[in-house]
Structures are given as structure tokens and as C-alpha cells.
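structure.txt, holding compact mmCIF, C-alpha atoms:
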```txt
# COMPACT_ATOMS: atom_id res chain seq x y z
CA MET A 1 -4.81 232.75 -8.78
CA ARG A 2 -3.66 235.49 -11.11
CA LYS A 3 -2.05 234.23 -14.29
CA GLY A 4 1.72 234.08 -14.00
CA LYS A 5 1.81 234.44 -10.21
CA ASP A 6 4.05 232.03 -8.34
CA PRO A 7 1.87 230.02 -5.91
CA ARG A 8 4.68 230.06 -3.36
CA ILE A 9 4.37 233.82 -2.88
CA ASN A 10 2.03 234.48 0.04
CA ALA A 11 3.08 238.03 0.96
CA GLY A 12 3.48 241.35 -0.79
CA TYR A 13 6.94 242.79 -1.25
CA ALA A 14 5.97 245.90 0.76
CA SER A 15 4.08 244.82 3.88
CA ILE A 16 1.19 246.59 5.58
CA LYS A 17 3.61 247.47 8.35
CA ASP A 18 5.74 249.40 5.87
CA TYR A 19 2.74 251.39 4.65
CA LEU A 20 1.59 252.11 8.21
CA VAL A 21 5.03 253.40 9.19
CA LEU A 22 5.03 255.67 6.14
CA LEU A 23 1.54 257.03 6.87
CA ILE A 24 2.30 257.56 10.55
CA MET A 25 5.46 259.50 9.74
CA LEU A 26 3.64 261.70 7.25
CA ALA A 27 0.77 262.24 9.70
CA VAL A 28 3.19 263.23 12.46
CA LEU A 29 4.93 265.62 10.11
CA SER A 30 1.59 267.22 9.11
CA ALA A 31 0.44 267.47 12.70
CA VAL A 32 3.69 269.16 13.83
CA PHE A 33 3.44 271.61 10.96
CA MET A 34 -0.21 272.50 11.64
CA VAL A 35 0.30 272.86 15.39
CA SER A 36 3.29 275.14 14.79
CA MET A 37 1.28 277.26 12.37
CA ARG A 38 -1.63 277.56 14.82
CA PHE A 39 0.78 278.48 17.64
CA PHE A 40 2.33 281.35 15.71
CA MET A 41 -0.99 282.57 14.25
CA ASP A 42 -2.70 282.71 17.67
CA ARG A 43 0.02 284.98 18.92
CA GLY A 44 -0.17 287.27 15.92
CA MET A 45 3.32 286.35 14.88
CA LEU A 46 2.33 285.46 11.32
CA ASP A 47 0.43 287.25 8.61
CA THR A 48 -2.78 285.38 7.74
CA GLY A 49 -3.28 286.91 4.32
CA ILE A 50 -3.91 284.80 1.25
CA PRO A 51 -0.39 285.23 -0.25
CA PHE A 52 1.16 284.11 2.97
CA VAL A 53 -1.17 281.12 3.30
CA LYS A 54 -0.26 280.13 -0.25
CA PHE A 55 3.45 280.46 0.59
CA ILE A 56 3.07 278.36 3.72
CA THR A 57 1.12 275.74 1.77
CA ASP A 58 3.88 275.55 -0.84
CA VAL A 59 6.49 275.17 1.88
CA PHE A 60 4.44 272.40 3.50
CA ILE A 61 4.13 270.54 0.21
CA PHE A 62 7.86 270.89 -0.46
CA VAL A 63 8.87 269.73 3.01
CA THR A 64 6.40 266.83 2.85
CA ALA A 65 7.73 265.75 -0.57
CA ALA A 66 11.33 265.93 0.70
CA CYS A 67 10.47 263.82 3.74
CA PHE A 68 8.57 261.37 1.57
CA LEU A 69 11.59 260.96 -0.73
CA ALA A 70 13.87 260.44 2.28
CA ILE A 71 11.54 257.79 3.68
CA MET A 72 11.32 256.04 0.30
CA ALA A 73 15.12 256.10 0.03
CA TYR A 74 15.30 254.38 3.40
CA PHE A 75 12.85 251.68 2.33
CA ARG A 76 14.69 251.27 -0.95
CA GLN A 77 17.95 250.77 0.94
CA LYS A 78 16.31 248.22 3.22
CA SER A 79 14.17 246.39 0.66
CA TRP A 80 16.26 246.48 -2.52
CA ARG A 81 19.93 247.17 -2.09
CA ARG A 82 20.55 244.74 0.77
CA PRO A 83 18.94 241.64 -0.86
CA ILE A 84 20.42 242.43 -4.27
CA ARG A 85 23.88 242.90 -2.76
CA THR A 86 23.50 239.63 -0.84
CA PHE A 87 22.35 237.85 -4.00
CA GLY A 88 25.26 239.27 -6.01
CA GLU A 89 27.85 238.19 -3.44
CA ALA A 90 26.41 234.67 -3.34
CA ALA A 91 26.36 234.45 -7.16
CA ARG A 92 30.03 235.48 -7.34
CA LYS A 93 30.98 232.74 -4.89
CA VAL A 94 29.12 230.13 -6.95
CA ALA A 95 30.80 231.41 -10.12
CA GLY A 96 34.11 230.85 -8.31
CA GLY A 97 33.24 227.20 -7.68
CA ASP A 98 31.89 227.42 -4.12
CA PHE A 99 28.70 225.32 -4.10
CA THR A 100 28.23 225.50 -0.33
CA VAL A 101 26.70 228.98 -0.55
CA ARG A 102 23.14 229.38 0.72
CA ILE A 103 21.16 232.61 1.14
CA PRO A 104 19.15 232.70 4.39
CA PRO A 105 15.64 234.23 4.41
CA MET A 106 15.43 237.92 5.28
CA ARG A 107 11.83 238.05 6.42
CA ARG A 108 11.19 237.20 10.04
CA ASP A 109 7.48 236.42 9.74
CA GLY A 110 8.03 233.18 7.80
CA LYS A 111 6.11 234.44 4.75
CA LYS A 112 7.49 234.63 1.24
CA ASP A 113 7.54 237.54 -1.15
CA PHE A 114 9.13 237.31 -4.58
CA ILE A 115 12.59 238.08 -3.17
CA GLU A 116 12.35 235.18 -0.71
CA VAL A 117 11.15 232.87 -3.50
CA MET A 118 14.08 234.00 -5.65
CA PHE A 119 16.44 233.11 -2.79
CA ASP A 120 14.79 229.68 -2.47
CA ASP A 121 15.24 229.04 -6.20
CA PHE A 122 18.86 230.16 -5.99
CA ASN A 123 19.54 227.79 -3.09
CA THR A 124 17.87 224.93 -4.98
CA MET A 125 19.96 225.70 -8.07
CA VAL A 126 23.21 225.70 -6.07
CA GLU A 127 22.23 222.44 -4.40
CA GLU A 128 21.61 220.84 -7.79
CA LEU A 129 24.90 222.20 -9.13
CA SER A 130 26.67 220.79 -6.09
CA GLY A 131 25.15 217.36 -6.78
CA ILE A 132 26.14 217.53 -10.45
CA GLU A 133 29.69 218.53 -9.53
CA THR A 134 29.94 215.63 -7.08
CA MET A 135 28.60 213.20 -9.68
CA ARG A 136 31.07 214.53 -12.25
CA ASN A 137 34.01 214.11 -9.89
CA ASP A 138 32.84 210.63 -8.91
CA PHE A 139 32.35 209.72 -12.56
CA ILE A 140 35.87 210.82 -13.48
CA ALA A 141 37.36 209.03 -10.48
CA ASN A 142 35.46 205.82 -11.25
CA VAL A 143 36.27 205.90 -14.96
CA SER A 144 39.95 206.42 -14.15
CA HIS A 145 39.90 203.49 -11.73
CA GLU A 146 37.95 201.16 -14.01
CA ILE A 147 40.25 201.87 -16.96
CA LYS A 148 43.45 201.78 -14.95
CA THR A 149 42.79 198.32 -13.47
CA PRO A 150 42.58 196.33 -16.73
CA LEU A 151 45.36 198.40 -18.29
CA SER A 152 47.67 197.59 -15.37
CA LEU A 153 46.75 193.93 -15.70
CA ILE A 154 47.49 193.93 -19.42
CA GLN A 155 50.80 195.69 -18.88
CA SER A 156 51.89 193.30 -16.14
CA TYR A 157 51.06 190.10 -18.00
CA ALA A 158 52.49 191.45 -21.26
CA ALA A 159 55.77 192.05 -19.45
CA VAL A 160 55.74 188.48 -18.12
CA LEU A 161 55.10 187.12 -21.61
CA GLN A 162 58.43 188.56 -22.72
CA ASP A 163 60.14 185.90 -20.64
CA GLY A 164 61.24 183.22 -23.06
CA ASP A 165 61.34 180.51 -20.37
CA LEU A 166 57.55 180.35 -19.91
CA LEU A 167 55.85 177.02 -20.36
CA PRO A 168 53.22 176.80 -23.11
CA GLN A 169 50.45 176.34 -20.52
CA GLU A 170 51.56 179.43 -18.60
CA ARG A 171 51.78 181.42 -21.81
CA ARG A 172 48.19 180.43 -22.72
CA GLU A 173 46.94 181.39 -19.24
CA TYR A 174 48.64 184.78 -19.34
CA THR A 175 47.36 185.41 -22.86
CA GLN A 176 43.83 184.50 -21.76
CA THR A 177 44.08 186.93 -18.83
CA ILE A 178 45.17 189.72 -21.18
CA MET A 179 42.26 188.95 -23.53
CA GLU A 180 39.76 189.04 -20.68
CA ALA A 181 41.13 192.35 -19.38
CA ALA A 182 41.03 193.83 -22.90
CA GLN A 183 37.44 192.60 -23.32
CA LYS A 184 36.43 194.17 -20.01
CA LEU A 185 38.06 197.43 -21.06
CA SER A 186 36.25 197.30 -24.39
CA VAL A 187 32.89 196.73 -22.68
CA LEU A 188 33.57 199.60 -20.27
CA VAL A 189 34.38 202.05 -23.07
CA THR A 190 31.37 200.87 -25.07
CA ASN A 191 29.03 201.36 -22.10
CA ILE A 192 30.45 204.79 -21.34
CA LEU A 193 29.89 205.83 -24.96
CA LYS A 194 26.35 204.41 -24.90
CA LEU A 195 25.52 206.22 -21.67
CA ASN A 196 26.98 209.48 -22.91
CA LYS A 197 25.02 209.15 -26.14
CA LEU A 198 21.79 208.48 -24.26
CA GLU A 199 22.29 211.35 -21.80
CA ASN A 200 22.95 213.83 -24.62
CA ARG A 201 20.34 212.52 -27.01
CA ILE A 202 18.02 215.21 -28.35
CA ILE A 203 16.63 213.57 -31.49
CA MET A 204 15.19 210.13 -30.82
CA PRO A 205 15.78 207.36 -33.40
CA GLU A 206 12.88 206.37 -35.60
CA ALA A 207 10.47 204.03 -33.82
CA ARG A 208 9.06 201.00 -35.59
CA PRO A 209 6.36 198.54 -34.47
CA TYR A 210 7.58 195.07 -33.52
CA ASP A 211 6.78 192.08 -31.29
CA LEU A 212 8.22 192.80 -27.84
CA SER A 213 7.86 189.19 -26.66
CA GLU A 214 9.99 187.93 -29.55
CA GLN A 215 12.71 190.46 -28.77
CA ILE A 216 12.83 189.37 -25.13
CA ARG A 217 13.05 185.70 -26.21
CA GLN A 218 15.98 186.44 -28.51
CA CYS A 219 17.82 188.40 -25.80
CA ALA A 220 17.23 185.61 -23.27
CA ALA A 221 18.55 183.01 -25.73
CA THR A 222 21.93 184.75 -25.82
CA PHE A 223 22.35 184.00 -22.08
CA ALA A 224 21.33 180.34 -22.33
CA ASP A 225 24.89 179.04 -22.07
CA LYS A 226 25.52 181.09 -18.93
CA TRP A 227 22.42 180.02 -16.99
CA GLU A 228 22.84 176.42 -18.09
CA GLY A 229 26.46 176.55 -16.95
CA LYS A 230 25.26 177.57 -13.47
CA ASN A 231 22.37 175.08 -13.55
CA ILE A 232 19.86 177.93 -13.27
CA GLY A 233 16.25 177.24 -14.15
CA PHE A 234 14.70 179.72 -16.58
CA GLU A 235 10.95 180.32 -16.99
CA ALA A 236 9.19 182.85 -19.18
CA ASP A 237 5.53 183.90 -19.42
CA LEU A 238 5.37 186.29 -22.35
CA ASP A 239 2.20 187.63 -23.93
CA GLU A 240 2.46 188.73 -27.54
CA ILE A 241 2.48 192.51 -27.38
CA ASN A 242 3.37 194.84 -30.23
CA VAL A 243 5.09 198.09 -29.32
CA CYS A 244 6.51 200.97 -31.32
CA TYR A 245 10.02 201.81 -30.18
CA ASP A 246 13.59 201.69 -31.38
CA GLU A 247 14.56 198.02 -31.00
CA SER A 248 18.25 198.67 -30.40
CA MET A 249 17.51 200.88 -27.40
CA LEU A 250 15.32 198.31 -25.68
CA GLU A 251 17.90 195.58 -26.32
CA ILE A 252 20.14 197.52 -23.90
CA VAL A 253 17.45 197.15 -21.22
CA TRP A 254 16.77 193.42 -21.61
CA ASN A 255 20.42 192.45 -22.02
CA ASN A 256 21.47 194.27 -18.86
CA LEU A 257 18.57 193.03 -16.74
CA LEU A 258 19.07 189.42 -17.86
CA SER A 259 22.83 189.66 -17.43
CA ASN A 260 22.38 190.88 -13.83
CA ALA A 261 19.85 188.13 -13.11
CA VAL A 262 22.27 185.43 -14.26
CA LYS A 263 25.19 187.07 -12.46
CA PHE A 264 23.51 187.34 -9.05
CA THR A 265 21.59 184.05 -9.09
CA ASN A 266 23.36 181.26 -7.26
CA PRO A 267 23.85 177.86 -8.96
CA GLY A 268 20.62 175.89 -8.83
CA GLY A 269 18.47 179.03 -8.60
CA LYS A 270 15.75 180.28 -10.94
CA ILE A 271 15.01 183.25 -13.18
CA TYR A 272 11.46 184.29 -14.15
CA VAL A 273 10.63 186.68 -16.98
CA SER A 274 7.10 187.99 -17.45
CA LEU A 275 5.46 190.23 -20.06
CA LYS A 276 1.85 191.33 -19.53
CA ALA A 277 -0.44 194.08 -20.79
CA GLN A 278 -1.93 196.23 -18.02
CA ASP A 279 -3.99 199.39 -18.55
CA GLY A 280 -2.32 200.33 -21.80
CA PHE A 281 1.18 199.47 -20.59
CA ALA A 282 3.53 196.61 -21.32
CA VAL A 283 4.78 195.45 -17.92
CA ILE A 284 7.98 193.44 -18.03
CA SER A 285 9.41 191.86 -14.88
CA VAL A 286 12.70 190.03 -14.47
CA THR A 287 12.89 188.08 -11.21
CA ASP A 288 15.76 186.06 -9.80
CA THR A 289 16.29 183.98 -6.66
CA GLY A 290 19.70 185.45 -5.99
CA THR A 291 21.23 187.29 -3.07
CA GLY A 292 18.81 190.21 -3.17
CA ILE A 293 19.50 193.90 -2.58
CA ALA A 294 19.75 195.58 0.82
CA LYS A 295 17.24 198.37 1.44
CA ASP A 296 19.91 201.04 1.90
CA ILE A 297 21.48 200.04 -1.42
CA GLN A 298 18.29 199.93 -3.52
CA LYS A 299 18.10 203.72 -3.83
CA ARG A 300 21.58 203.84 -5.42
CA ILE A 301 21.55 200.85 -7.75
CA PHE A 302 20.78 203.04 -10.79
CA ASP A 303 23.74 205.37 -10.10
CA LYS A 304 26.71 205.24 -12.46
CA PHE A 305 29.50 202.90 -11.38
CA PHE A 306 27.69 201.91 -8.19
CA GLN A 307 28.12 198.22 -7.35
CA GLY A 308 26.33 197.14 -4.21
CA ASP A 309 27.77 193.62 -4.16
CA ALA A 310 31.57 193.78 -4.03
CA SER A 311 31.84 190.02 -4.62
CA HIS A 312 30.72 190.52 -8.24
CA SER A 313 32.61 193.75 -8.92
CA GLY A 314 35.00 191.96 -11.26
CA GLU A 315 32.11 190.88 -13.51
CA GLY A 316 30.88 194.37 -14.39
CA ASN A 317 31.56 198.07 -14.18
CA GLY A 318 28.41 199.46 -12.54
CA LEU A 319 27.00 201.04 -15.71
CA GLY A 320 24.40 198.43 -16.68
CA LEU A 321 21.51 199.64 -14.52
CA ALA A 322 22.37 203.29 -15.23
CA LEU A 323 21.96 202.45 -18.93
CA VAL A 324 18.66 200.69 -18.20
CA LYS A 325 17.22 203.63 -16.29
CA ARG A 326 18.28 206.27 -18.80
CA THR A 327 17.00 204.26 -21.77
CA VAL A 328 13.61 203.58 -20.19
CA GLU A 329 13.23 207.24 -19.19
CA LEU A 330 14.02 208.40 -22.73
CA LEU A 331 11.28 206.10 -24.01
CA GLY A 332 8.78 207.57 -21.55
CA GLY A 333 8.64 204.50 -19.31
CA THR A 334 9.54 203.65 -15.74
CA VAL A 335 11.79 201.10 -14.07
CA GLN A 336 11.89 200.09 -10.43
CA ALA A 337 13.49 197.44 -8.26
CA ASP A 338 11.87 195.40 -5.52
CA SER A 339 13.98 193.13 -3.35
CA ASP A 340 14.38 191.53 0.05
CA PRO A 341 17.93 190.59 1.04
CA GLY A 342 18.42 186.87 0.63
CA HIS A 343 15.22 186.40 -1.36
CA GLY A 344 16.19 187.61 -4.82
CA ALA A 345 15.22 190.74 -6.72
CA THR A 346 12.62 191.83 -9.24
CA PHE A 347 13.07 194.59 -11.80
CA ILE A 348 9.85 195.93 -13.32
CA VAL A 349 9.77 197.97 -16.52
CA CYS A 350 6.59 199.73 -17.69
CA LEU A 351 6.31 200.93 -21.28
CA LYS A 352 3.36 202.47 -23.10
CA ILE A 353 1.84 200.21 -25.72
```

Output the structure of this file as C-alpha cells.
Amino acid sequence: MRKGKDPRINAGYASIKDYLVLLIMLAVLSAVFMVSMRFFMDRGMLDTGIPFVKFITDVFIFVTAACFLAIMAYFRQKSWRRPIRTFGEAARKVAGGDFTVRIPPMRRDGKKDFIEVMFDDFNTMVEELSGIETMRNDFIANVSHEIKTPLSLIQSYAAVLQDGDLLPQERREYTQTIMEAAQKLSVLVTNILKLNKLENRIIMPEARPYDLSEQIRQCAATFADKWEGKNIGFEADLDEINVCYDESMLEIVWNNLLSNAVKFTNPGGKIYVSLKAQDGFAVISVTDTGTGIAKDIQKRIFDKFFQGDASHSGEGNGLGLALVKRTVELLGGTVQADSDPGHGATFIVCLKI
């Protein structure tokens, strides 16, 4: 393959058919001219001297050149102006905010020249822009909803607290509700800022070597009260593996995965955490015996604000797994989920050692 050539292009811009039509038209023109000349010369109607032959030859060349230019103008109109005009009209619609625009192929033989490939790339670009626009609108709608809910709660209970006839117990309950709503709002804003920072990060923080198993132990210890409160068994099988990353970034991953495991594991269930070295990678798995994740939901669990289990929507804001995925991707690793509904879920993170 020639250097710089797009492998998708499997046809020339001007086809053999175009060249054949051009040659046939020129051949017909030459044949008509020669037959006409022979007809007049046989009847003695034309002078056959050298000056005349030269004049006739010049006329033939001029007429042939004029016809050639006319034919090329036709092909230019067909091959250049029409696709460029179509492309320009589509681009103007996209610039106006219409992301439903698609340019259909112009060739009928199913092959692709560079114009067809350009159309394909344009359609792909518009499709991606449409997805980004949808995500942006969903993000704004979800942020507005998530912020509005705790704010409304705070406003309502604050208004009730102004009633001087409240009992001390009621006052404590209302105050506690306000504190919980404010805490949820604080966590939401913090996660949004973290996610925005990760998505716009260009310069990575300085990486330092440290013991990954010890970090996971410390993160797990912070959830001990929660799993003990739900009578959840916790088991860990952690090999000592040293990695070189920014510790604060990976804390986001372990805290969110462990928090989800505790949240979705029913009382009396179990959580397993494993850390093993495999083929130059640190493989970390967090497994729970909770409700599991439906197959049609698994492909969306890493989307922002997506919460597959509505029964736990009040315990989070749907940003935890989005943070996990973005963080792991920035560090050059991978994360995936494996689950059967009713049989728990396993999240597997792979990081280069």
C-alpha cells in the first residue's frame, strides 16, 4: 500500500468508464471529421495543397481541443461541483445545530473513492457530535435534578424549623435530614468537580512507587463500620505488588468499587477482594453477593448519572463508576464488570505493574 493512502479507498476518483466515454467521444469526433474531409476531397470540392492541409489540421486541433474542454467541464460539473455543494450544504446544517444530517453515497457501484470516504468520515463525525450533544443535555438535566432535590429538601425542612412549637425530638430529626441532604449535595458537587478535572486532565500528576495491597487494605478499612453494620462478611486475598501511580487517583477507584459492593450486598452477604499479578499486570477484583446487574444494564453502568437499581438511587448520584472508568483509562488500565442477576457482581481492574 502506498504511503499515506487510505486503505478504505478501493476505486479511483475518475473511473475507467469515464475515460472510455472521453476516448469514444474524441474518436467519434475524429472519425466524423476525417470522413467529411474525404467526402469533399473525393468530389474535388477542396484544395489538397499543403497550405490547405495545414489549415485543416489546425482547425481539427482547435475543434478537438474545444470539445475536450467541454467534455472536461461536464465531468468537472458531475464529479466536483455536485459533491462539494452537497458537502457544503450538510456542513452548514451541522453548524446550525442539526446533527441528523447524513450524506448518502453518490457512487452506485458500492466502491469508495476519496470523496465517498470523506462523506463517510463526515457522517461519523456528525454521529459522534450528536452523541456528545445528547450526553451534554443529559448531563445538564441530571445535574439540575440531582442538585434541585437536596436543595428542595433543605428548604422545606428549614422552613419547618422556623416553627417554634416543634418538639426537641422533631427538631433533631429535621436538623439531621438537612445535614444529610447537605452532605449528599456536597458529595455530588465534589464528584462533578473530580470528574470534570479527570476528563480535562492533560498533565498527569507525578507518579510514585507504593504498595498497592496496603492502599487497598486502608481503603477497605474505612468501610468496616458499614459492612459490619449490615453483617456482611469481608474476605481479601492481596499479594504484595508495588506499582508506580498517583495514589490519590487510585483511591477514587477503590473507594467507589468498595462503596458499591457494600451498598448492593444484602445483609448477611459477602464481599471478596483479590489482588494478583498476571503477565505484568496487577489484576484487582471486587466481588459481592448482591443483587447483580441485568445484562441490558451492564453496558451503561459506567455512564454519568446512570443508576440501574432505582431502590438505591437515594444512596448515590450515579457518578461513582464514571469516575472509576475515567481514572483507570487515564492510568492506561482497563475496567470491566461481570454479573449475573441475582448472583452478585464482579468488577475487574487491570493496571500495568

So how many Å separate CA of Gly320 in chain A and CA of Glu240 in chain A, to one decimal?
26.3 Å

What does the structure give for the distance between CA of Gly96 in chain A and CA of Arg82 in chain A, in Å to one decimal?
21.4 Å

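Neighbours of Thr124 in chain A closer than or equal to 10 Å, with only C-alpha atoms counted and sequence neighbours fewer than 6 positions away skipped, come out as Arg102, Met118 and Ser130 of chain A.
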
Selection file, C-alpha atoms, as a PDB file, in the frame of the given file:
```pdb
ATOM      1  CA  ARG A 102      23.140 229.380   0.720  1.00  0.00           C
ATOM      2  CA  MET A 118      14.080 234.000  -5.650  1.00  0.00           C
ATOM      3  CA  SER A 130      26.670 220.790  -6.090  1.00  0.00           C
TER       4      SER A 130
END
```

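In this structure, CA of Gly268 in chain A sits 24.7 Å away from CA of Gln298 in chain A.
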
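Take the candidates A:Val324, A:Cys350, A:Ile232, A:Val117 and check each one against Gly269 in chain A using only C-alpha atoms; the shortest distance goes to A:Ile232.
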
Range 151-156 of chain A: which residues within 10 Å, counting all atoms listed in the file, same-chain residues fewer than 3 positions away excluded, as a CSV table (one decimal) with C-alpha atoms, keeping the file's coordinate frame?
```csv
chain,number,residue,atom,x,y,z
A,145,HIS,CA,39.9,203.5,-11.7
A,146,GLU,CA,38.0,201.2,-14.0
A,147,ILE,CA,40.2,201.9,-17.0
A,148,LYS,CA,43.4,201.8,-15.0
A,159,ALA,CA,55.8,192.0,-19.4
A,160,VAL,CA,55.7,188.5,-18.1
A,161,LEU,CA,55.1,187.1,-21.6
A,174,TYR,CA,48.6,184.8,-19.3
A,175,THR,CA,47.4,185.4,-22.9
A,177,THR,CA,44.1,186.9,-18.8
A,178,ILE,CA,45.2,189.7,-21.2
A,179,MET,CA,42.3,189.0,-23.5
A,180,GLU,CA,39.8,189.0,-20.7
A,181,ALA,CA,41.1,192.4,-19.4
A,182,ALA,CA,41.0,193.8,-22.9
A,185,LEU,CA,38.1,197.4,-21.1
```

Near-Asp279 in chain A list (12 Å; all atoms listed in the file; drop same-chain fewer than 2 positions) as number ranges by chain
A: 276-277, 281-283, 350-353

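Every residue within 12 Å of the file position (9.3, 207.4, -17.1), judged by only C-alpha atoms, is given as Phe281, Val324, Lys325, Arg326, Thr327, Val328, Glu329, Leu330, Leu331, Gly332, Gly333, Thr334, Val335, Gln336, Val349, Cys350, Leu351 and Lys352 of chain A.
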
Prev. selection, C-alpha atoms, output as a JSON list (two decimals), in the frame of the given file:
```json
[["chain", "number", "residue", "atom", "x", "y", "z"],
["A", 281, "PHE", "CA", 1.18, 199.47, -20.59],
["A", 324, "VAL", "CA", 18.66, 200.69, -18.20],
["A", 325, "LYS", "CA", 17.22, 203.63, -16.29],
["A", 326, "ARG", "CA", 18.28, 206.27, -18.80],
["A", 327, "THR", "CA", 17.00, 204.26, -21.77],
["A", 328, "VAL", "CA", 13.61, 203.58, -20.19],
["A", 329, "GLU", "CA", 13.23, 207.24, -19.19],
["A", 330, "LEU", "CA", 14.02, 208.40, -22.73],
["A", 331, "LEU", "CA", 11.28, 206.10, -24.01],
["A", 332, "GLY", "CA", 8.78, 207.57, -21.55],
["A", 333, "GLY", "CA", 8.64, 204.50, -19.31],
["A", 334, "THR", "CA", 9.54, 203.65, -15.74],
["A", 335, "VAL", "CA", 11.79, 201.10, -14.07],
["A", 336, "GLN", "CA", 11.89, 200.09, -10.43],
["A", 349, "VAL", "CA", 9.77, 197.97, -16.52],
["A", 350, "CYS", "CA", 6.59, 199.73, -17.69],
["A", 351, "LEU", "CA", 6.31, 200.93, -21.28],
["A", 352, "LYS", "CA", 3.36, 202.47, -23.10]]
```

Using all atoms listed in the file, determine which residues lie at most 6 Å from range 300-302 of chain A, disregarding the query and same-chain residues fewer than 3 positions distant; provide the list as a ChimeraX atom specification.
/A:297,321-322

So that I can see what lies close to Ala345 in chain A, please list as an mmCIF file with C-alpha atoms, keeping the file's coordinate frame the residues with an atom at most 7 Å from it, counting all atoms listed in the file and leaving out residues fewer than 3 positions away in the same chain.
```cif
data_model
loop_
_atom_site.group_PDB
_atom_site.id
_atom_site.type_symbol
_atom_site.label_atom_id
_atom_site.label_comp_id
_atom_site.auth_asym_id
_atom_site.auth_seq_id
_atom_site.Cartn_x
_atom_site.Cartn_y
_atom_site.Cartn_z
ATOM 1 C CA THR A 287 12.890 188.080 -11.210
ATOM 2 C CA ASP A 288 15.760 186.060 -9.800
ATOM 3 C CA THR A 289 16.290 183.980 -6.660
ATOM 4 C CA GLY A 290 19.700 185.450 -5.990
ATOM 5 C CA GLY A 292 18.810 190.210 -3.170
ATOM 6 C CA ILE A 293 19.500 193.900 -2.580
ATOM 7 C CA ASP A 338 11.870 195.400 -5.520
ATOM 8 C CA SER A 339 13.980 193.130 -3.350
ATOM 9 C CA ASP A 340 14.380 191.530 0.050
#
```
